[in-house]
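Structure file run-v4.csv; described as CSV, C-alpha atoms.
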chain,number,residue,atom,x,y,z
S,1,MET,CA,14.1,-25.8,-6.5
S,2,ILE,CA,14.1,-22.0,-6.8
S,3,GLU,CA,14.9,-20.8,-10.3
S,4,ALA,CA,13.7,-17.2,-9.9
S,5,VAL,CA,13.0,-14.7,-7.1
S,6,ILE,CA,10.4,-12.0,-7.7
S,7,PHE,CA,10.4,-8.8,-5.6
S,8,ASP,CA,7.6,-6.5,-4.9
S,9,LEU,CA,9.1,-3.0,-4.7
S,10,ASP,CA,7.5,-0.7,-2.1
S,11,GLY,CA,7.8,-2.0,1.4
S,12,SER,CA,9.5,-5.3,0.3
S,13,MET,CA,12.6,-4.2,-1.6
S,14,VAL,CA,12.8,-0.5,-0.5
S,15,ASP,CA,11.6,1.2,2.6
S,16,SER,CA,9.1,3.5,1.0
S,17,MET,CA,5.6,2.9,2.3
S,18,TRP,CA,5.8,5.9,4.7
S,19,MET,CA,6.5,8.1,1.7
S,20,TRP,CA,3.2,7.5,-0.1
S,21,ARG,CA,1.1,8.6,2.8
S,22,THR,CA,3.2,11.9,2.8
S,23,ILE,CA,2.6,12.3,-0.9
S,24,ASP,CA,-1.1,11.6,-0.6
S,25,ILE,CA,-1.5,14.2,2.1
S,26,GLU,CA,0.4,16.8,0.1
S,27,TYR,CA,-1.4,16.0,-3.2
S,28,LEU,CA,-4.9,16.0,-1.8
S,29,GLY,CA,-4.1,19.2,0.1
S,30,ARG,CA,-3.7,20.9,-3.2
S,31,PHE,CA,-7.4,20.4,-3.7
S,32,GLY,CA,-8.4,21.3,-0.2
S,33,ILE,CA,-9.1,17.6,0.6
S,34,GLU,CA,-8.0,16.0,3.9
S,35,LEU,CA,-6.5,12.6,3.8
S,36,PRO,CA,-9.1,9.9,4.7
S,37,GLU,CA,-7.9,7.6,7.4
S,38,ASN,CA,-8.9,4.5,5.4
S,39,LEU,CA,-7.3,5.6,2.1
S,40,GLN,CA,-4.2,3.4,2.2
S,41,SER,CA,-6.3,0.2,2.9
S,42,CYS,CA,-8.7,1.1,0.1
S,43,ILE,CA,-5.9,1.3,-2.6
S,44,GLU,CA,-3.6,-1.4,-1.2
S,45,GLY,CA,-2.5,-3.7,-4.1
S,46,MET,CA,-3.9,-1.4,-6.9
S,47,SER,CA,-1.8,-0.6,-9.9
S,48,PHE,CA,-0.6,2.9,-10.4
S,49,SER,CA,-3.3,3.4,-13.1
S,50,GLU,CA,-6.0,1.8,-11.0
S,51,THR,CA,-5.1,4.1,-8.1
S,52,ALA,CA,-5.3,7.2,-10.4
S,53,VAL,CA,-8.8,6.2,-11.5
S,54,TYR,CA,-9.8,5.6,-7.8
S,55,PHE,CA,-8.5,9.1,-6.8
S,56,LYS,CA,-10.2,10.8,-9.7
S,57,GLU,CA,-13.5,9.2,-9.0
S,58,ARG,CA,-13.5,9.3,-5.2
S,59,PHE,CA,-12.3,12.8,-4.9
S,60,GLN,CA,-13.8,14.2,-8.1
S,61,LEU,CA,-10.4,15.6,-9.2
S,62,PRO,CA,-10.5,18.0,-12.2
S,63,ASP,CA,-7.2,16.7,-13.7
S,64,ASP,CA,-7.1,13.9,-16.2
S,65,LEU,CA,-5.5,10.6,-15.4
S,66,ASP,CA,-2.2,11.3,-17.2
S,67,THR,CA,-1.7,14.5,-15.3
S,68,ILE,CA,-2.5,12.8,-11.9
S,69,LYS,CA,0.1,10.1,-12.6
S,70,ALA,CA,2.7,12.6,-13.9
S,71,ASP,CA,2.3,14.7,-10.7
S,72,TRP,CA,2.8,11.6,-8.5
S,73,ASN,CA,5.9,10.7,-10.4
S,74,ARG,CA,7.4,14.1,-9.9
S,75,MET,CA,6.5,14.2,-6.2
S,76,ALA,CA,7.9,10.7,-5.6
S,77,TRP,CA,11.1,10.9,-7.6
S,78,ASP,CA,13.2,13.1,-5.3
S,79,LYS,CA,12.1,11.1,-2.2
S,80,TYR,CA,13.0,7.8,-4.0
S,81,ALA,CA,16.4,9.1,-5.0
S,82,TYR,CA,17.4,10.7,-1.7
S,83,GLU,CA,15.2,9.5,1.2
S,84,VAL,CA,14.2,5.9,0.5
S,85,PRO,CA,16.8,3.2,1.3
S,86,VAL,CA,17.1,-0.3,-0.1
S,87,LYS,CA,16.2,-2.7,2.7
S,88,GLU,CA,19.1,-4.3,4.5
S,89,GLY,CA,20.4,-7.4,2.8
S,90,VAL,CA,18.7,-6.9,-0.6
S,91,THR,CA,21.9,-6.3,-2.5
S,92,GLU,CA,23.6,-9.3,-1.0
S,93,LEU,CA,20.7,-11.6,-1.8
S,94,LEU,CA,20.5,-10.3,-5.4
S,95,GLN,CA,24.3,-10.9,-5.7
S,96,TYR,CA,23.9,-14.4,-4.4
S,97,CYS,CA,21.1,-15.1,-6.9
S,98,MET,CA,23.2,-13.8,-9.8
S,99,ASP,CA,26.2,-15.9,-8.7
S,100,HIS,CA,24.1,-19.0,-8.5
S,101,GLY,CA,22.1,-18.6,-11.8
S,102,ILE,CA,18.8,-17.7,-10.1
S,103,LYS,CA,16.9,-15.1,-12.1
S,104,ALA,CA,15.4,-12.0,-10.6
S,105,GLY,CA,12.3,-10.0,-11.4
S,106,ILE,CA,10.2,-7.1,-10.1
S,107,ALA,CA,6.4,-7.2,-9.9
S,108,THR,CA,5.2,-3.8,-8.6
S,109,SER,CA,2.1,-1.8,-8.5
S,110,ASN,CA,4.1,1.4,-9.0
S,111,SER,CA,4.8,3.2,-12.2
S,112,ARG,CA,7.5,1.9,-14.6
S,113,GLU,CA,9.2,5.3,-14.6
S,114,LEU,CA,9.6,5.2,-10.8
S,115,VAL,CA,10.7,1.6,-10.5
S,116,GLU,CA,13.3,2.0,-13.2
S,117,ASN,CA,14.6,5.2,-11.6
S,118,VAL,CA,14.8,3.6,-8.2
S,119,ILE,CA,16.8,0.6,-9.3
S,120,ARG,CA,19.2,2.8,-11.3
S,121,ALA,CA,19.7,5.2,-8.4
S,122,HIS,CA,20.7,2.2,-6.2
S,123,HIS,CA,22.7,0.5,-8.9
S,124,LEU,CA,20.4,-2.6,-8.9
S,125,ASP,CA,19.5,-2.7,-12.6
S,126,PRO,CA,22.2,-5.3,-13.5
S,127,TYR,CA,20.5,-7.8,-11.2
S,128,PHE,CA,17.0,-7.9,-12.8
S,129,ASP,CA,16.0,-9.8,-15.8
S,130,CYS,CA,12.4,-8.5,-15.9
S,131,ILE,CA,10.4,-5.6,-14.5
S,132,MET,CA,6.7,-5.7,-14.7
S,133,THR,CA,4.2,-3.2,-13.4
S,134,GLY,CA,0.5,-3.5,-12.5
S,135,CYS,CA,-0.3,-1.4,-15.6
S,136,ASP,CA,1.2,-4.1,-17.8
S,137,VAL,CA,-1.5,-6.7,-16.8
S,138,ALA,CA,-5.3,-6.8,-16.7
S,139,LYS,CA,-5.7,-6.9,-12.9
S,140,GLY,CA,-3.6,-5.7,-10.0
S,141,LYS,CA,-2.9,-7.6,-6.8
S,142,PRO,CA,-4.4,-9.7,-5.2
S,143,ALA,CA,-5.0,-11.1,-8.7
S,144,PRO,CA,-2.1,-13.3,-9.8
S,145,ASP,CA,-1.7,-11.7,-13.2
S,146,ILE,CA,1.5,-9.7,-12.6
S,147,TYR,CA,3.4,-12.7,-11.0
S,148,LEU,CA,2.3,-15.0,-13.8
S,149,ALA,CA,3.5,-12.4,-16.3
S,150,VAL,CA,6.9,-12.1,-14.7
S,151,ALA,CA,7.3,-15.9,-14.5
S,152,GLN,CA,6.5,-16.2,-18.2
S,153,ALA,CA,8.9,-13.4,-19.1
S,154,LEU,CA,11.6,-15.2,-17.1
S,155,ASP,CA,10.7,-18.5,-18.7
S,156,VAL,CA,10.4,-20.1,-15.2
S,157,SER,CA,7.5,-22.3,-13.9
S,158,PRO,CA,5.5,-20.5,-11.2
S,159,LYS,CA,6.2,-23.5,-8.8
S,160,ASN,CA,9.9,-22.7,-9.1
S,161,CYS,CA,9.5,-19.0,-8.2
S,162,LEU,CA,9.9,-17.4,-4.7
S,163,VAL,CA,8.0,-14.1,-4.1
S,164,PHE,CA,8.9,-11.4,-1.6
S,165,GLU,CA,5.9,-9.4,-0.5
S,166,ASP,CA,5.1,-7.1,2.4
S,167,ILE,CA,1.3,-6.6,2.1
S,168,ILE,CA,-1.6,-9.1,2.3
S,169,PRO,CA,-2.9,-8.5,-1.3
S,170,GLY,CA,0.6,-9.1,-2.6
S,171,ILE,CA,1.0,-12.3,-0.7
S,172,GLN,CA,-2.4,-13.5,-1.9
S,173,ALA,CA,-1.3,-12.7,-5.5
S,174,GLY,CA,1.9,-14.7,-5.2
S,175,LYS,CA,0.0,-17.7,-3.7
S,176,ALA,CA,-2.7,-17.5,-6.3
S,177,ALA,CA,0.0,-17.7,-9.0
S,178,GLY,CA,1.1,-21.0,-7.5
S,179,MET,CA,4.4,-19.6,-6.1
S,180,ARG,CA,6.0,-19.8,-2.7
S,181,VAL,CA,5.9,-16.5,-0.9
S,182,CYS,CA,8.2,-15.0,1.8
S,183,ALA,CA,6.4,-12.3,3.7
S,184,VAL,CA,8.7,-9.3,4.5
S,185,TYR,CA,8.5,-7.3,7.7
S,186,ASP,CA,7.7,-3.6,7.1
S,187,LYS,CA,6.7,-1.1,9.8
S,188,TYR,CA,3.8,0.1,7.7
S,189,SER,CA,2.1,-3.3,7.7
S,190,GLU,CA,3.3,-4.7,11.1
S,191,HIS,CA,-0.2,-4.6,12.4
S,192,GLN,CA,-1.0,-7.4,9.8
S,193,ASP,CA,2.0,-9.6,10.7
S,194,GLU,CA,-0.1,-12.4,12.2
S,195,VAL,CA,-2.2,-12.7,9.0
S,196,LYS,CA,0.9,-12.3,6.8
S,197,ARG,CA,2.6,-15.2,8.6
S,198,GLU,CA,-0.5,-17.4,8.1
S,199,LEU,CA,-0.8,-16.6,4.4
S,200,ALA,CA,2.9,-16.9,3.4
S,201,ASP,CA,5.2,-19.8,3.4
S,202,TYR,CA,8.0,-18.0,5.1
S,203,TYR,CA,8.6,-14.7,6.9
S,204,THR,CA,11.7,-12.6,7.3
S,205,TYR,CA,12.7,-9.4,9.1
S,206,GLN,CA,15.6,-8.8,6.9
S,207,PHE,CA,17.0,-10.4,3.8
S,208,ARG,CA,20.4,-11.2,5.2
S,209,GLU,CA,18.6,-13.8,7.4
S,210,LEU,CA,17.8,-15.8,4.3
S,211,LEU,CA,21.4,-16.2,3.4
S,212,GLU,CA,22.8,-16.6,6.9
S,213,ASP,CA,20.2,-19.4,7.7
S,214,GLY,CA,20.5,-21.0,4.3
S,215,ILE,CA,16.8,-20.6,3.8
S,216,LEU,CA,17.1,-19.6,0.2
S,217,THR,CA,19.3,-22.6,-0.7
S,218,GLY,CA,17.3,-25.0,1.4
S,219,ILE,CA,13.8,-24.1,0.0
Taking this structure as input, can you express it in the form of structure tokens?
Amino acid sequence: MIEAVIFDLDGSMVDSMWMWRTIDIEYLGRFGIELPENLQSCIEGMSFSETAVYFKERFQLPDDLDTIKADWNRMAWDKYAYEVPVKEGVTELLQYCMDHGIKAGIATSNSRELVENVIRAHHLDPYFDCIMTGCDVAKGKPAPDIYLAVAQALDVSPKNCLVFEDIIPGIQAGKAAGMRVCAVYDKYSEHQDEVKRELADYYTYQFRELLEDGILTGI
């Protein structure tokens, strides 16, 4: 019985993974640094704070961590507000959960400032009972910390939670927390689809499928 759904943000709930590569190119360009091809895979699953530490150490950036994160927040906000859409069917699924007493939470590696701005911009804030970021817990994904923290905040047993994730570390985090996981299609990670299907309990191309097929109610 599903008592709570927990969404990852980037690539799962909103179509934003493309945006971060653009920001990384622009940000590193300020310091005359070319974007390494393996950067995205190196930071996948890290919290916002962990990523800032990684950038500062790997690229020997002169700015302190708070300045790095503040710059990223400023660069990302306009894109989130005007260029990043909510994935198809997300609002309908959230409304279904609200109507049927299923709690909803967010477990994101992003910053709290950005996630709160995103859900306000898309009028999704009434649907969520809990927002947790990777900076709120000891370890980022693939560790289960953030999903366990959301379940505790929602007062729901992990076994009664369904996670929506688009990347492998996120799927691993949900499974490590003892939750069922629905892998979400995202163009950014489509080259990993075979592995995502193997690791997750379910897979969906768009959230409306879950309602039309009765998957959410049948799980």
With all atoms listed in the file counted and 8 Å as the cut-off, give the residues of segment 22-109 of chain S in contact with segment 2-11 of chain S, each with its shortest interatomic distance in Å and the pair that gives it, as JSON lines.
{"residue": "S:Gly101", "atom": "CA", "partner": "S:Glu3", "partner_atom": "CA", "distance": 7.7}
{"residue": "S:Ile102", "atom": "CA", "partner": "S:Glu3", "partner_atom": "CA", "distance": 5.0}
{"residue": "S:Lys103", "atom": "CA", "partner": "S:Ala4", "partner_atom": "CA", "distance": 4.4}
{"residue": "S:Ala104", "atom": "CA", "partner": "S:Val5", "partner_atom": "CA", "distance": 5.0}
{"residue": "S:Gly105", "atom": "CA", "partner": "S:Ile6", "partner_atom": "CA", "distance": 4.6}
{"residue": "S:Ile106", "atom": "CA", "partner": "S:Phe7", "partner_atom": "CA", "distance": 4.8}
{"residue": "S:Ala107", "atom": "CA", "partner": "S:Asp8", "partner_atom": "CA", "distance": 5.2}
{"residue": "S:Thr108", "atom": "CA", "partner": "S:Asp8", "partner_atom": "CA", "distance": 5.2}
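Counting all atoms listed in the file, the residue from S:Val184, S:Ala70, S:Val195, S:Ala81 that sits nearest to Arg208 of chain S is S:Val184.
What separates atom CA of Ala177 of chain S from atom CA of Thr91 of chain S is a distance of 25.5 Å.
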* Asked: Hey, what's within 8 Å of segment 137-143 of chain S if we count only C-alpha atoms and toss same-chain stuff fewer than 3 positions away? As a count of residues only, please?
  -> 15
* Between S:Asp24, S:Glu113, S:Asp63, S:Glu92, which has the minimum distance to Pro36 of chain S (counting all atoms listed in the file)? -> S:Asp24
* To do: Pick out the closest residue to Glu165 of chain S from this set: S:Trp20, S:Tyr203, S:Phe128, S:Tyr188. Count only C-alpha atoms.
  => S:Tyr203
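Going from atom CA of Phe55 of chain S to atom CA of Lys187 of chain S covers 24.7 Å.
For the pair atom CA of Pro85 of chain S and atom CA of Thr204 of chain S, the separation is 17.7 Å.
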* Measuring atom to atom with only C-alpha atoms, identify which of S:Val156, S:Ala121, S:Ala183, S:Ile43 is nearest to Gln206 of chain S. => S:Ala183
* Asked: Near Val181 of chain S, within 7 Å and counting all atoms listed in the file, which residues show up once chain neighbours fewer than 6 positions away are dropped, as a ChimeraX atom specification?
  -> /S:162-164,171,174-175,200-202
Given the selection you just returned, output its residues as a file containing C-alpha atoms, formatted as a PDB file, in the coordinates of the input.
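out-v8.pdb, written as the output of this step:
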ATOM      1  CA  LEU S 162       9.900 -17.400  -4.700  1.00  0.00           C
ATOM      2  CA  VAL S 163       8.000 -14.100  -4.100  1.00  0.00           C
ATOM      3  CA  PHE S 164       8.900 -11.400  -1.600  1.00  0.00           C
ATOM      4  CA  ILE S 171       1.000 -12.300  -0.700  1.00  0.00           C
ATOM      5  CA  GLY S 174       1.900 -14.700  -5.200  1.00  0.00           C
ATOM      6  CA  LYS S 175       0.000 -17.700  -3.700  1.00  0.00           C
ATOM      7  CA  ALA S 200       2.900 -16.900   3.400  1.00  0.00           C
ATOM      8  CA  ASP S 201       5.200 -19.800   3.400  1.00  0.00           C
ATOM      9  CA  TYR S 202       8.000 -18.000   5.100  1.00  0.00           C
TER      10      TYR S 202
END
* Structure fact -> With distances taken over only C-alpha atoms, the candidate from S:Met17, S:Val90, S:Tyr82, S:Trp77 nearest Glu190 of chain S is S:Met17
* Asked: Leaving out Tyr27 of chain S and any residue of its chain fewer than 4 positions from it, which residues lie within 10 Å of it when counting only C-alpha atoms, given as a VMD selection string?
  -> chain S and resid 21 to 23 31 to 35 68 71 to 72 75
* To do: Do a neighbour search on Lys56 of chain S at 12 Å with all atoms listed in the file, toss out local chain neighbours closer than 5 positions, and write the hits as a VMD selection string.
  => chain S and resid 28 31 49 to 51 61 to 69
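Comparing the minimum interatomic distances between Tyr80 of chain S and each of S:Gln152, S:Ser157, S:Ser16, S:Asn110, counting all atoms listed in the file, we find that S:Ser16 sits nearest.
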Selection near Val14 of chain S, 7 Å with all atoms listed in the file, sequence-local residues under 6 positions removed, as a CSV table (one decimal) with C-alpha atoms, keeping the file's coordinate frame:
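For reference, part.csv as written:
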chain,number,residue,atom,x,y,z
S,84,VAL,CA,14.2,5.9,0.5
S,85,PRO,CA,16.8,3.2,1.3
S,86,VAL,CA,17.1,-0.3,-0.1
S,87,LYS,CA,16.2,-2.7,2.7
